[in-house]
>>> print(open('entry-v6.cif').read())   # mmCIF, C-alpha atoms
data_query
loop_
_atom_site.label_atom_id
_atom_site.label_comp_id
_atom_site.auth_asym_id
_atom_site.auth_seq_id
_atom_site.Cartn_x
_atom_site.Cartn_y
_atom_site.Cartn_z
CA MET A 1 -22.94 68.14 21.57
CA GLY A 2 -20.87 66.42 18.99
CA ILE A 3 -18.30 65.37 21.57
CA ALA A 4 -21.02 64.15 23.96
CA LEU A 5 -22.56 62.10 21.15
CA ASN A 6 -19.23 60.54 20.35
CA ARG A 7 -18.66 59.70 23.98
CA SER A 8 -22.09 58.11 24.14
CA SER A 9 -21.38 56.15 21.02
CA ILE A 10 -18.10 54.95 22.43
CA LEU A 11 -19.77 53.96 25.70
CA ILE A 12 -22.46 52.08 23.82
CA LEU A 13 -19.86 50.31 21.71
CA ILE A 14 -17.78 49.36 24.75
CA THR A 15 -20.88 48.09 26.56
CA ALA A 16 -21.99 46.12 23.53
CA ALA A 17 -18.52 44.63 23.12
CA ALA A 18 -18.40 43.68 26.79
CA LEU A 19 -21.78 42.00 26.51
CA LEU A 20 -21.04 40.23 23.28
CA ALA A 21 -17.48 39.08 24.02
CA PRO A 22 -18.38 36.41 26.57
CA ALA A 23 -21.11 35.14 24.28
CA GLY A 24 -18.61 34.87 21.45
CA ALA A 25 -16.05 33.15 23.60
CA SER A 26 -18.53 30.62 24.87
CA ALA A 27 -19.96 29.98 21.44
CA GLN A 28 -17.14 27.65 20.50
CA ARG A 29 -16.50 25.21 23.26
CA ARG A 30 -16.20 21.95 21.38
CA ILE A 31 -14.94 20.73 18.05
CA SER A 32 -14.96 17.23 16.63
CA ALA A 33 -13.57 15.90 13.37
CA ASP A 34 -12.84 12.70 11.51
CA VAL A 35 -9.15 12.15 10.92
CA GLU A 36 -7.62 9.85 8.36
CA VAL A 37 -3.89 9.33 8.50
CA LYS A 38 -2.00 7.48 5.81
CA GLN A 39 1.70 6.84 5.99
CA ALA A 40 3.32 5.66 2.78
CA ALA A 41 6.82 4.45 2.13
CA GLY A 42 8.43 1.88 -0.10
CA GLY A 43 5.22 1.22 -2.03
CA LYS A 44 3.25 0.40 1.16
CA VAL A 45 0.69 2.48 2.96
CA ALA A 46 -0.75 2.11 6.45
CA THR A 47 -3.99 3.78 7.47
CA ILE A 48 -5.36 4.84 10.83
CA ASN A 49 -8.79 6.41 11.28
CA LYS A 50 -9.94 8.25 14.34
CA ARG A 51 -12.48 10.80 15.43
CA ILE A 52 -11.31 13.49 17.79
CA PHE A 53 -13.36 15.47 20.28
CA CYS A 54 -11.66 18.59 21.65
CA SER A 55 -13.14 20.76 24.38
CA LEU A 56 -12.08 24.26 25.30
CA ASP A 57 -11.15 23.13 28.82
CA GLY A 58 -8.41 20.96 27.31
CA ARG A 59 -10.21 17.64 27.55
CA ILE A 60 -9.58 15.54 24.47
CA VAL A 61 -11.22 12.27 23.52
CA VAL A 62 -9.79 10.33 20.60
CA HIS A 63 -11.82 7.43 19.28
CA PHE A 64 -9.58 5.21 17.21
CA LEU A 65 -11.55 3.26 14.66
CA LYS A 66 -8.80 1.61 12.63
CA PRO A 67 -6.78 -0.54 12.99
CA GLU A 68 -8.34 -1.17 16.39
CA ASP A 69 -11.11 0.28 18.53
CA TYR A 70 -9.42 2.31 21.28
CA ILE A 71 -10.67 5.37 23.14
CA LEU A 72 -8.07 7.75 24.53
CA LEU A 73 -8.97 10.41 27.07
CA SER A 74 -6.69 13.23 28.09
CA ASN A 75 -6.88 16.48 29.99
CA VAL A 76 -4.58 19.42 30.64
CA LYS A 77 -3.58 18.04 34.05
CA GLY A 78 -1.59 15.30 32.40
CA GLU A 79 -4.06 12.54 33.07
CA THR A 80 -4.31 10.20 30.13
CA ARG A 81 -6.33 7.02 29.96
CA LEU A 82 -6.65 4.56 27.13
CA PHE A 83 -9.75 2.40 27.15
CA ILE A 84 -9.80 -0.83 25.18
CA PRO A 85 -13.47 -1.75 24.62
CA ARG A 86 -12.68 -5.20 23.27
CA THR A 87 -11.20 -6.30 26.58
CA ASN A 88 -12.85 -3.71 28.85
CA GLU A 89 -9.40 -2.65 30.03
CA VAL A 90 -8.06 0.78 30.81
CA VAL A 91 -4.47 1.94 30.71
CA ILE A 92 -3.56 4.93 32.85
CA ASP A 93 -0.63 7.08 31.77
CA ASN A 94 0.34 10.39 33.26
CA THR A 95 3.22 11.14 30.92
CA ALA A 96 1.56 11.48 27.54
CA VAL A 97 -0.23 14.75 28.13
CA MET A 98 1.95 16.70 25.76
CA THR A 99 1.23 14.32 22.97
CA SER A 100 -2.52 14.58 23.33
CA GLN A 101 -2.36 18.35 23.60
CA ASP A 102 -0.44 18.20 20.33
CA GLU A 103 -3.49 17.21 18.37
CA LEU A 104 -3.81 19.74 15.58
CA VAL A 105 -7.34 20.81 16.42
CA SER A 106 -6.32 21.23 20.05
CA VAL A 107 -3.33 23.35 19.01
CA PHE A 108 -5.51 25.69 16.98
CA MET A 109 -8.35 25.69 19.49
CA GLY A 110 -5.95 26.53 22.29
CA GLY A 111 -4.56 29.50 20.39
CA ARG A 112 -1.17 27.82 19.92
CA SER A 113 -1.15 27.88 16.12
CA GLU A 114 1.52 30.58 16.15
CA ASP A 115 4.23 28.12 17.16
CA LEU A 116 2.24 24.93 16.52
CA GLY A 117 2.85 23.95 20.11
CA LEU A 118 6.65 24.14 19.88
CA GLY A 119 6.74 26.19 23.07
CA MET A 120 5.56 23.15 25.00
CA TYR A 121 8.75 21.42 23.93
CA GLY A 122 11.02 24.25 25.04
CA TYR A 123 11.49 25.96 21.69
CA ARG A 124 11.87 29.73 21.62
CA LEU A 125 11.51 32.20 18.78
CA GLN A 126 14.89 33.10 17.32
CA SER A 127 14.00 35.26 14.32
CA THR A 128 11.21 36.46 12.06
CA THR A 129 11.82 37.21 8.39
CA ARG A 130 9.81 37.93 5.26
CA GLU A 131 10.21 35.91 2.10
CA ASP A 132 8.15 36.35 -1.08
CA GLY A 133 5.26 37.82 0.85
CA LEU A 134 5.35 35.06 3.44
CA VAL A 135 6.45 35.31 7.05
CA LYS A 136 9.04 32.83 8.27
CA LYS A 137 9.70 32.29 11.96
CA THR A 138 12.63 30.28 13.23
CA PHE A 139 12.43 28.48 16.56
CA VAL A 140 15.40 26.95 18.35
CA THR A 141 16.09 24.79 21.37
CA ASP A 142 19.24 23.92 23.26
CA LYS A 143 17.95 20.61 24.57
CA ASP A 144 20.15 17.66 23.69
CA GLY A 145 18.66 15.04 21.44
CA ASP A 146 15.99 17.32 20.04
CA ILE A 147 15.71 18.88 16.62
CA PRO A 148 17.75 22.08 17.16
CA LYS A 149 15.85 24.29 14.74
CA VAL A 150 12.30 24.46 13.37
CA GLU A 151 11.03 26.88 10.74
CA ILE A 152 7.36 27.79 10.39
CA VAL A 153 6.12 29.74 7.37
CA TYR A 154 2.85 31.68 7.47
CA GLU A 155 0.58 32.90 4.71
CA ASN A 156 -2.15 35.31 5.76
CA PHE A 157 -1.27 34.61 9.39
CA LEU A 158 -1.86 30.87 8.96
CA PRO A 159 0.95 28.30 9.15
CA ILE A 160 1.43 26.59 5.82
CA TYR A 161 4.82 24.95 6.34
CA CYS A 162 6.91 23.55 9.16
CA GLY A 163 10.45 22.38 8.55
CA TYR A 164 12.61 20.44 10.99
CA ILE A 165 16.33 21.14 10.64
CA ASP A 166 19.02 18.91 12.09
CA ALA A 167 22.31 19.95 13.64
CA SER A 168 24.05 20.00 10.27
CA GLY A 169 21.51 22.47 8.90
CA LYS A 170 19.74 19.92 6.72
CA THR A 171 15.94 19.90 6.62
CA ILE A 172 15.02 16.34 7.50
CA SER A 173 11.26 16.69 7.62
CA LYS A 174 8.72 19.06 6.14
CA THR A 175 5.05 19.40 6.95
CA TYR A 176 2.66 21.33 4.72
CA TYR A 177 -0.71 22.58 5.97
CA SER A 178 -3.39 23.41 3.43
CA LYS A 179 -7.07 23.58 2.61
CA TYR A 180 -7.97 25.81 5.54
CA VAL A 181 -11.67 25.99 6.38
CA PRO A 182 -13.54 28.08 8.93
CA ALA A 183 -14.47 26.16 12.06
CA GLY A 184 -16.45 28.45 14.27
CA ARG A 185 -14.31 31.50 14.90
CA MET A 186 -11.04 29.95 13.77
CA MET A 187 -9.48 28.55 10.64
CA LEU A 188 -8.40 24.94 10.57
CA PRO A 189 -6.22 23.16 8.01
CA THR A 190 -7.98 20.07 6.75
CA ARG A 191 -4.91 18.63 5.17
CA ALA A 192 -1.40 18.13 6.50
CA THR A 193 1.35 16.39 4.58
CA SER A 194 4.59 15.41 6.24
CA ILE A 195 7.59 14.32 4.21
CA THR A 196 10.57 12.95 6.07
CA TYR A 197 13.78 12.74 4.11
CA THR A 198 16.14 10.06 5.25
CA SER A 199 18.49 10.19 2.30
CA GLN A 200 18.55 11.71 -1.14
CA LYS A 201 16.68 8.69 -2.46
CA ASP A 202 14.34 7.75 0.38
CA SER A 203 11.44 9.55 1.94
CA SER A 204 8.38 8.75 3.96
CA VAL A 205 5.09 10.53 3.36
CA MET A 206 2.32 10.98 5.90
CA ARG A 207 -0.95 12.53 4.81
CA THR A 208 -3.53 13.61 7.37
CA ILE A 209 -7.00 14.66 6.25
CA TYR A 210 -9.59 16.21 8.53
CA SER A 211 -13.24 15.98 7.54
CA ASP A 212 -16.73 16.25 8.97
CA ILE A 213 -15.65 19.06 11.29
CA ARG A 214 -18.42 19.92 13.73
CA VAL A 215 -18.46 22.87 16.10
CA ASP A 216 -20.33 22.68 19.40
CA ASP A 217 -22.06 19.45 18.49
CA ASP A 218 -23.60 17.21 21.12
CA ASP A 219 -21.77 13.98 20.48
CA PRO A 220 -21.74 11.92 23.69
CA TYR A 221 -18.05 11.07 23.17
CA TYR A 222 -17.11 14.53 24.47
CA ASP A 223 -18.12 13.33 27.90
CA PHE A 224 -17.02 9.75 27.53
CA GLN A 225 -16.21 8.05 30.79
CA VAL A 226 -14.34 4.80 31.19
CA PRO A 227 -16.71 2.16 32.58
CA SER A 228 -16.25 1.78 36.30
CA ASN A 229 -15.82 -1.97 35.92
CA ALA A 230 -12.96 -1.66 33.43
CA LYS A 231 -9.85 -3.52 34.50
CA VAL A 232 -6.83 -1.31 35.09
CA VAL A 233 -4.00 -2.81 33.07
CA THR A 234 -1.25 -0.40 33.99
CA SER A 235 -1.44 2.14 36.75
CA ASN A 236 2.21 3.12 36.81
CA ASN A 237 3.46 6.27 35.14
CA LEU A 238 5.55 4.40 32.62
CA SER A 239 8.64 5.78 34.21
CA GLY A 240 10.65 2.63 33.68
CA LYS A 241 10.88 -0.45 31.56
CA MET B 1 5.61 -2.97 -11.82
CA LYS B 2 3.09 -0.35 -12.81
CA ARG B 3 2.60 0.55 -9.16
CA LEU B 4 6.32 0.81 -8.64
CA LEU B 5 6.66 3.04 -11.68
CA LEU B 6 3.82 5.25 -10.51
CA SER B 7 5.37 5.45 -7.07
CA LEU B 8 8.70 6.50 -8.49
CA ILE B 9 7.06 9.12 -10.68
CA ALA B 10 5.08 10.43 -7.75
CA ILE B 11 8.11 10.52 -5.46
CA LEU B 12 10.04 12.38 -8.15
CA ALA B 13 7.20 14.86 -8.51
CA ILE B 14 7.07 15.36 -4.76
CA ALA B 15 10.80 15.85 -4.57
CA VAL B 16 10.82 18.41 -7.38
CA SER B 17 7.94 20.29 -5.84
CA ALA B 18 9.41 20.20 -2.36
CA ASN B 19 12.77 21.47 -3.56
CA ALA B 20 11.29 24.20 -5.70
CA GLY B 21 11.92 26.75 -3.01
CA ASN B 22 8.29 27.36 -2.14
CA TYR B 23 6.46 26.13 0.88
CA LYS B 24 3.65 24.24 -0.76
CA VAL B 25 3.46 20.62 -1.78
CA ASP B 26 1.81 19.07 -4.80
CA ASP B 27 -1.28 17.43 -3.28
CA GLY B 28 -1.99 15.55 -6.49
CA ALA B 29 1.41 13.90 -6.41
CA ILE B 30 0.93 12.93 -2.77
CA ASP B 31 -2.47 11.42 -3.52
CA ALA B 32 -1.06 9.52 -6.51
CA LEU B 33 1.73 8.12 -4.38
CA ILE B 34 -0.67 6.91 -1.71
CA GLU B 35 -3.12 5.46 -4.18
CA ALA B 36 -0.32 3.59 -5.92
CA SER B 37 0.85 2.03 -2.67
CA ALA B 38 -0.32 -1.32 -1.36
CA GLU B 39 -2.43 -1.11 1.79
CA ILE B 40 -1.02 -2.89 4.81
CA SER B 41 -2.31 -3.13 8.36
CA PRO B 42 -0.20 -1.48 11.03
CA LEU B 43 -1.12 -4.41 13.25
CA GLU B 44 0.97 -6.69 11.06
CA PHE B 45 3.98 -5.19 12.74
CA MET B 46 2.67 -5.39 16.24
CA PRO B 47 3.22 -8.46 18.40
CA ALA B 48 0.21 -9.34 20.53
CA ALA B 49 2.25 -9.36 23.72
CA ALA B 50 4.57 -6.53 23.10
CA VAL B 51 6.72 -6.44 26.23
CA PRO B 52 9.35 -7.51 25.62
CA ALA B 53 9.01 -7.87 21.89
CA ALA B 54 12.47 -9.29 21.48
CA ALA B 55 11.16 -12.68 22.53
CA SER B 56 8.64 -12.55 19.70
CA PHE B 57 11.29 -12.56 17.07
CA ALA B 58 13.00 -15.72 15.98
CA SER B 59 16.25 -13.87 15.56
CA GLY B 60 16.37 -13.19 19.27
CA SER B 61 16.75 -9.45 19.55
CA PRO B 62 15.52 -6.64 17.36
CA SER B 63 17.92 -5.60 14.67
CA PRO B 64 19.24 -2.03 14.81
CA VAL B 65 18.97 -1.86 11.03
CA VAL B 66 15.34 -3.01 10.94
CA SER B 67 14.45 -0.74 13.86
CA PHE B 68 16.00 2.21 12.09
CA LEU B 69 14.26 1.41 8.81
CA LEU B 70 10.88 0.96 10.48
CA CYS B 71 11.32 4.29 12.22
CA THR B 72 12.34 5.80 8.90
CA PHE B 73 9.29 4.64 7.03
CA LEU B 74 6.61 4.07 9.64
CA GLY B 75 7.92 6.08 12.56
CA GLY B 76 4.95 8.39 12.58
CA ILE B 77 2.74 5.59 13.76
CA GLY B 78 5.25 4.15 16.20
CA ILE B 79 5.81 0.87 14.39
CA HIS B 80 9.49 0.87 15.33
CA ARG B 81 8.50 0.90 18.99
CA HIS B 82 6.39 -2.21 18.55
CA TYR B 83 9.17 -3.95 16.71
CA MET B 84 11.57 -3.21 19.55
CA GLY B 85 8.96 -4.04 22.15
CA THR B 86 6.70 -1.74 24.09
CA ARG B 87 3.17 -1.52 25.39
CA PRO B 88 0.60 -2.95 22.94
CA TRP B 89 -1.18 0.39 22.67
CA MET B 90 1.87 2.56 22.10
CA TRP B 91 0.88 3.14 18.47
CA ALA B 92 -2.25 4.92 19.69
CA ILE B 93 -0.18 7.35 21.76
CA TYR B 94 2.00 8.05 18.73
CA PHE B 95 -1.04 8.60 16.61
CA VAL B 96 -2.45 11.21 18.90
CA THR B 97 0.54 13.33 17.97
CA VAL B 98 -0.27 13.08 14.29
CA GLY B 99 -1.77 16.37 13.32
CA GLY B 100 -0.15 18.37 16.06
CA ILE B 101 3.49 19.14 16.29
CA PHE B 102 3.68 16.39 13.75
CA GLY B 103 6.25 13.85 14.34
CA ILE B 104 8.88 15.55 16.40
CA VAL B 105 8.87 12.52 18.69
CA PRO B 106 9.42 10.04 15.83
CA LEU B 107 12.10 12.35 14.48
CA VAL B 108 14.02 12.27 17.74
CA ASP B 109 13.47 8.50 17.84
CA TRP B 110 14.97 8.37 14.38
CA ILE B 111 18.06 10.31 15.39
CA MET B 112 18.59 8.15 18.46
CA LEU B 113 18.15 4.97 16.42
CA LEU B 114 20.61 6.30 13.84
CA ILE B 115 23.12 6.70 16.65
CA GLY B 116 22.19 3.21 17.84
CA LEU B 117 22.72 1.91 14.33
CA VAL B 118 26.19 3.44 14.16
CA ASP B 119 27.05 2.05 17.61
CA ASP B 120 25.25 -1.23 16.86
CA ASP B 121 23.45 -0.91 20.18
CA ILE B 122 19.76 -0.17 20.57
CA SER B 123 19.42 -2.04 23.84
CA PRO B 124 18.18 1.02 25.78
CA TYR B 125 15.13 1.10 23.53
CA VAL B 126 14.29 -2.60 23.47
CA GLY B 127 11.27 -3.38 25.62
CA ASN B 128 11.12 0.27 26.60
CA THR B 129 7.64 1.19 27.77
CA ARG B 130 8.16 4.93 28.10
CA PHE B 131 6.58 7.17 25.51
CA PHE B 132 9.79 9.15 25.18
CA MET B 133 12.07 6.17 24.72
CA TRP B 134 15.19 8.28 24.97
CA ALA B 135 14.23 10.11 28.16
#
>>> encode(input="entry-v6.cif", output="structure tokens")
Amino acid sequence: MGIALNRSSILILITAAALLAPAGASAQRRISADVEVKQAAGGKVATINKRIFCSLDGRIVVHFLKPEDYILLSNVKGETRLFIPRTNEVVIDNTAVMTSQDELVSVFMGGRSEDLGLGMYGYRLQSTTREDGLVKKTFVTDKDGDIPKVEIVYENFLPIYCGYIDASGKTISKTYYSKYVPAGRMMLPTRATSITYTSQKDSSVMRTIYSDIRVDDDDPYYDFQVPSNAKVVTSNNLSGK
Amino acid sequence: MKRLLLSLIAILAIAVSANAGNYKVDDGAIDALIEASAEISPLEFMPAAAVPAAASFASGSPSPVVSFLLCTFLGGIGIHRHYMGTRPWMWAIYFVTVGGIFGIVPLVDWIMLLIGLVDDDISPYVGNTRFFMWA
């Protein structure tokens, strides 16, 4: 009797899980957020503001608000269009897909937070080590011209640091991820700070802050379409000068 | 002068924190550095007709030194590309990457421009409309 009850319980649990899993998966189909990026160097700082709209199917809409009003649309097929409302022009580019899929929210939403999207660039995991309670993974690539080694450090399974190491073994850029918040079923960093070291004296700092994160909201920008009367400025694939 | 002093203090604080062997940065120092900096518009660097940009500059052709420095300090937002000449909206493409893999493209740009600086030749990148200027 006891065994039969356990089997029943297991069957009920499996059935419940099967029923609930699709509902859970479909519960988080869209995420939008305000993004403020400030890059500072030499006593100057430049700011760009945008709002991003990421869908689970890979469609991304980026509404640039500052310094100029642009709307960039991208999907996983590699189709990227940039709409310029001021002039009602659209630029078509089929080469920038990797960049749009690089958007932090898209990386986390797509389950690529483990390597922060490095795999898309041909990086492979070389080693995993533990250091002061943190996990450090080292990724490498053999492609010429790229950064040969990248280290990602995790705390509680979340990336908190990414270091780019040049061929001489020197870390030339560091990015720190912090202030994680729950966004639906995942955790998102709301702050990323990149420091690029160009010499012992000089560095450039880029701070990215995510705010007003909304899950499964109904903002019409998710489905933004370029007006049919927009003038196509460039229809080539930017394969040459 | 006060701003400069604050900037130096903040940069020193960032450097100390970043070299402390941990993997966390002092957010307060970063915020202080940014607040102490003078706001500029990225558009100040961008010629209206950006291809080829070389014609927009009185000096004739973009300087390898200036290109390298712009990539060094404002590479994350693609300013160096606009200085050297590219599509007017290239900054937007660069800015999509901000937040993702975070600047690996500007970093490779930086390395290639450093090589160009040493060779005194950045001609392959002048007026280049490709997103990956080195590809």
>>> atom_distance(input="entry-v6.cif", atom1="CA of Asp34 (chain A)", atom2="CA of Ile209 (chain A)")
8.1 Å
>>> closest_residue(input="entry-v6.cif", among="A:Leu82, A:Ile52, A:Val76, A:Ala167", to="Gln225 (chain A)", atoms="only C-alpha atoms")
A:Leu82
>>> residues_around(input="entry-v6.cif", residues="Ser37 (chain B)", least_positions_apart="6", cutoff="6 Å", atoms="all atoms listed in the file", output="list in words")
Gly43, Lys44 and Val45 of chain A
>>> closest_residue(input="entry-v6.cif", among="A:Arg185, A:Arg29, A:Arg124, A:Lys66", to="chain B", atoms="only C-alpha atoms")
A:Lys66
>>> atom_distance(input="entry-v6.cif", atom1="CA of Leu107 (chain B)", atom2="CA of Met109 (chain A)")
24.9 Å
>>> closest_residue(input="entry-v6.cif", among="B:Met90, B:Val65, B:Met84, B:Ile30", to="Tyr125 (chain B)", atoms="all atoms listed in the file")
B:Met84
